[in-house]
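Structure, as structure tokens:
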Amino acid sequence: MHAYPPPVLPASFYQRHSLTVARDLLGCRLVRRLPDGAVLSGRIVETEAYTPDDPSCHAHRGESPRARSMFQAGGIAYVYLIYGMYHCLNVVTQAASQGAAVLIRAIEPLDGVDRMADARGISSVRDLARGPGRLCQSFQIDRALDGTCITATDCPLWIQSGEPLPDVVVAQTPRIGINVSPAAIAAPWRLIVRENGFVSGTSRQNQGQSYTPTPDWFDRL
DNA sequence: TATATGATCCCCT
DNA sequence: GGGGATCATATAA
């Protein structure tokens with residue numbers, strides 16, 4: 001049982017440690033209003049946490065034109081282009097000037113499935129948003145949304161709270177595509193909903209440990 | 001200015 | 001499970 005309509009996650013939700021935000025975003029609903037008014041949404045099933053002391057974090061080497069949004073206070077979007085062809089959606093976390101974010105890697109499509117399929121040029125619902133590049137293509141997210149507010153329903157993008165997920169449903173694994181330092185490679189900062197078919201990665205990559213919110217997470221890097 | 005690389009995806013085998 | 005597409009960005013010279 002939860003309040004209806006589900007509350008939009010406020011800035012205070014994002015202005016916490018990236019790992020905590022990444023964990024709590026699972027099960028929440030990502031909502032996108034397109035320029036023509038159409039609404040898309042999906043349940044977040046996969047996230048990754050990035051913090052400034054992590055060498056794989058885009059903010060690690062200080063502020064840059066690409067990652068400047070990460071240095072704003074939590075509660076806005078950070079969108080960047082990767083491999084010259086795909087976009088990735090992050091939510092900025094923690095306090096201003098820190099440089100932290102959570103990458104949203106996959107959602108389970110809910111509203112606007114047909115529009116997502118049109119944008120992707122495919123029909124398989126499972127493949128619409130299984131991976132960060134696919135998600136952005138389905139939701140029509142690009143650099144135009146970088147730095148935009150995500151804490152109100154008059155924003156182009158926002159997130160609504162969902163049914164809280166118990167820890168047993170959440171697994172933690174190493175992040176995908178990280179190749180900088182042994183510590184960054186090993187850090188289990190990718191969070192997924194267990195046995196959810198809309199999570200990206202191979203079955204091997206999804207063999208994670210049970211989620212254990214121990215304090216030593218915060219000192220892994 | 002020049003070069004290497006990447007928080008990826010898709011198609012091929 | 002391996003390689004190509006494709007280019008903004010970072011870093012070096």
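Chain identifiers are assigned as A, B, and so on, following the order in which chains appear in the structure tokens; residues are numbered from 1 within each chain, and ligands are numbered from 1 in order of appearance.
Non-sequential neighbours of DA12 of chain C (distance at most 12 Å, separation of 3 or more positions within a chain, only C-alpha atoms (C1' of nucleotides)) are DT1, DA2, DT3 and DA4 of chain B.
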Report task. Tell me the residues of chain C close to chain A, meaning within 10 Å using only C-alpha atoms (C1' of nucleotides), as a PyMOL selection string. Result -> chain C and resi 5-10
Report summary line: A straight line from atom CA of Asp53 of chain A to atom CA of Val92 of chain A spans 15.3 Å
Report task. Within segment 13-221 of chain A, find each residue whose DSSP state, derived from the backbone, is strand (DSSP E), and express the selection as an MDAnalysis selection string. Result -> chainID A and resid 29:33 39:50 77:82 86:93 100:109 157:160 170:173 190:193 209:210
Requested in this report: Per DSSP on the backbone, filter segment 91-134 of chain A down to the residues in helix (DSSP H, G or I) and report them as a ChimeraX atom specification.
Outcome: /A:113-120,125-127,132-134
Residues just named, written with N, CA, C and O atoms as a short mmCIF file (atom, residue, chain, number, x, y, z; two decimals), in the first residue's frame:
data_model
loop_
_atom_site.label_atom_id
_atom_site.label_comp_id
_atom_site.auth_asym_id
_atom_site.auth_seq_id
_atom_site.Cartn_x
_atom_site.Cartn_y
_atom_site.Cartn_z
N VAL A 113 4.98 2.08 -24.13
CA VAL A 113 5.80 1.03 -24.75
C VAL A 113 5.85 1.18 -26.27
O VAL A 113 6.91 1.01 -26.88
N ASP A 114 4.73 1.56 -26.87
CA ASP A 114 4.72 1.71 -28.33
C ASP A 114 5.64 2.83 -28.79
O ASP A 114 6.34 2.70 -29.80
N ARG A 115 5.62 3.93 -28.03
CA ARG A 115 6.50 5.05 -28.40
C ARG A 115 7.97 4.66 -28.24
O ARG A 115 8.82 5.07 -29.02
N MET A 116 8.27 3.89 -27.21
CA MET A 116 9.64 3.43 -27.03
C MET A 116 10.06 2.54 -28.19
O MET A 116 11.17 2.67 -28.72
N ALA A 117 9.18 1.65 -28.59
CA ALA A 117 9.49 0.74 -29.69
C ALA A 117 9.73 1.51 -30.97
O ALA A 117 10.63 1.19 -31.75
N ASP A 118 8.93 2.57 -31.20
CA ASP A 118 9.12 3.41 -32.38
C ASP A 118 10.51 4.05 -32.35
O ASP A 118 11.23 4.05 -33.35
N ALA A 119 10.86 4.60 -31.20
CA ALA A 119 12.14 5.30 -31.08
C ALA A 119 13.31 4.35 -31.26
O ALA A 119 14.37 4.74 -31.77
N ARG A 120 13.15 3.09 -30.84
CA ARG A 120 14.22 2.11 -30.93
C ARG A 120 14.23 1.36 -32.25
O ARG A 120 15.23 0.79 -32.64
N VAL A 125 9.96 -5.97 -26.27
CA VAL A 125 9.84 -5.11 -25.09
C VAL A 125 11.05 -5.31 -24.18
O VAL A 125 11.56 -4.38 -23.57
N ARG A 126 11.53 -6.52 -24.11
CA ARG A 126 12.66 -6.81 -23.23
C ARG A 126 13.90 -6.02 -23.61
O ARG A 126 14.70 -5.66 -22.75
N ASP A 127 14.06 -5.70 -24.90
CA ASP A 127 15.27 -5.01 -25.35
C ASP A 127 15.10 -3.50 -25.41
O ASP A 127 16.01 -2.79 -25.81
N PRO A 132 22.06 1.16 -20.62
CA PRO A 132 21.92 2.62 -20.55
C PRO A 132 21.72 3.31 -21.89
O PRO A 132 20.97 4.29 -21.98
N GLY A 133 22.36 2.82 -22.95
CA GLY A 133 22.20 3.42 -24.26
C GLY A 133 20.81 3.18 -24.81
O GLY A 133 20.16 4.07 -25.37
N ARG A 134 20.33 1.97 -24.63
CA ARG A 134 18.99 1.63 -25.08
C ARG A 134 17.94 2.43 -24.33
O ARG A 134 16.97 2.91 -24.92
#
Near chain A, which residues of chain B fall within 12 Å when you count only C-alpha atoms (C1' of nucleotides), and what do they look like as a tab-separated table (two decimals) with C-alpha atoms (C1' of nucleotides), in the first residue's frame?
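Output file selection.tsv follows:
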chain	number	residue	atom	x	y	z
B	5	DT	C1'	39.89	5.75	-25.38
B	6	DG	C1'	35.32	4.88	-23.58
B	7	DA	C1'	29.81	3.99	-17.39
B	8	DT	C1'	27.79	0.76	-25.42
B	9	DC	C1'	25.21	-1.70	-28.83
B	10	DC	C1'	24.59	-4.69	-32.67
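One finds atom CA of Ser69 of chain A at 8.9 Å from atom CA of Thr148 of chain A.
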Report task. Just the residues within 12 Å of Asp154 of chain A, please, counting only C-alpha atoms (C1' of nucleotides), with nothing from its chain fewer than 6 positions along; format it as a PyMOL selection string. Result -> chain A and resi 8+31-35+37+39+148
Written selection (N, CA, C and O atoms) as a PDB file, in the first residue's frame:
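Saved the output as result-v9.pdb:
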ATOM      1  N   VAL A   8       6.827  12.500  -6.133  1.00  0.00           N
ATOM      2  CA  VAL A   8       8.042  12.698  -6.922  1.00  0.00           C
ATOM      3  C   VAL A   8       9.218  12.773  -5.960  1.00  0.00           C
ATOM      4  O   VAL A   8       9.150  13.458  -4.933  1.00  0.00           O
ATOM      5  N   VAL A  31      10.022   8.599 -15.106  1.00  0.00           N
ATOM      6  CA  VAL A  31       8.959   9.134 -15.959  1.00  0.00           C
ATOM      7  C   VAL A  31       9.522  10.194 -16.892  1.00  0.00           C
ATOM      8  O   VAL A  31      10.295  11.054 -16.469  1.00  0.00           O
ATOM      9  N   ARG A  32       9.132  10.127 -18.162  1.00  0.00           N
ATOM     10  CA  ARG A  32       9.603  11.075 -19.174  1.00  0.00           C
ATOM     11  C   ARG A  32       8.396  11.656 -19.887  1.00  0.00           C
ATOM     12  O   ARG A  32       7.546  10.905 -20.372  1.00  0.00           O
ATOM     13  N   ARG A  33       8.311  13.006 -19.923  1.00  0.00           N
ATOM     14  CA  ARG A  33       7.285  13.629 -20.750  1.00  0.00           C
ATOM     15  C   ARG A  33       7.941  14.157 -22.007  1.00  0.00           C
ATOM     16  O   ARG A  33       8.832  14.992 -21.958  1.00  0.00           O
ATOM     17  N   LEU A  34       7.509  13.643 -23.163  1.00  0.00           N
ATOM     18  CA  LEU A  34       8.072  14.044 -24.444  1.00  0.00           C
ATOM     19  C   LEU A  34       7.569  15.435 -24.815  1.00  0.00           C
ATOM     20  O   LEU A  34       6.560  15.897 -24.278  1.00  0.00           O
ATOM     21  N   PRO A  35       8.261  16.093 -25.738  1.00  0.00           N
ATOM     22  CA  PRO A  35       7.827  17.431 -26.164  1.00  0.00           C
ATOM     23  C   PRO A  35       6.372  17.478 -26.635  1.00  0.00           C
ATOM     24  O   PRO A  35       5.701  18.488 -26.453  1.00  0.00           O
ATOM     25  N   GLY A  37       3.965  15.854 -25.368  1.00  0.00           N
ATOM     26  CA  GLY A  37       3.058  15.594 -24.255  1.00  0.00           C
ATOM     27  C   GLY A  37       2.927  14.137 -23.875  1.00  0.00           C
ATOM     28  O   GLY A  37       2.421  13.819 -22.798  1.00  0.00           O
ATOM     29  N   VAL A  39       3.667  10.534 -22.406  1.00  0.00           N
ATOM     30  CA  VAL A  39       4.373  10.164 -21.180  1.00  0.00           C
ATOM     31  C   VAL A  39       4.891   8.732 -21.280  1.00  0.00           C
ATOM     32  O   VAL A  39       4.154   7.810 -21.644  1.00  0.00           O
ATOM     33  N   THR A 148      19.164  19.335 -16.462  1.00  0.00           N
ATOM     34  CA  THR A 148      17.780  19.708 -16.172  1.00  0.00           C
ATOM     35  C   THR A 148      17.328  19.142 -14.836  1.00  0.00           C
ATOM     36  O   THR A 148      17.786  18.100 -14.382  1.00  0.00           O
TER      37      THR A 148
END
Query raised in the report: Neighbours of Val21 of chain A within 9 Å (only C-alpha atoms (C1' of nucleotides); same-chain residues fewer than 4 positions away dropped), as number ranges by chain?
Result: A: 13-17, 25-26, 49, 93-94, 101-102
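When atom CA of Glu195 of chain A is paired with atom CA of Val180 of chain A, their separation reads 28.8 Å.
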**Report entry** Selected residue, from A:Ile122, A:Ala77, A:Ile44, A:Leu191, that lies nearest to Arg143 of chain A when counting only C-alpha atoms
**Finding:**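 Distance minimum relative to Arg143 of chain A lands on A:Ala77.
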Query - Contacts of DG1 of chain C at 12 Å (only C-alpha atoms (C1' of nucleotides); same-chain gap of 3+ positions) as a list in words - result: Thr202 of chain A; DC12 and DT13 of chain B
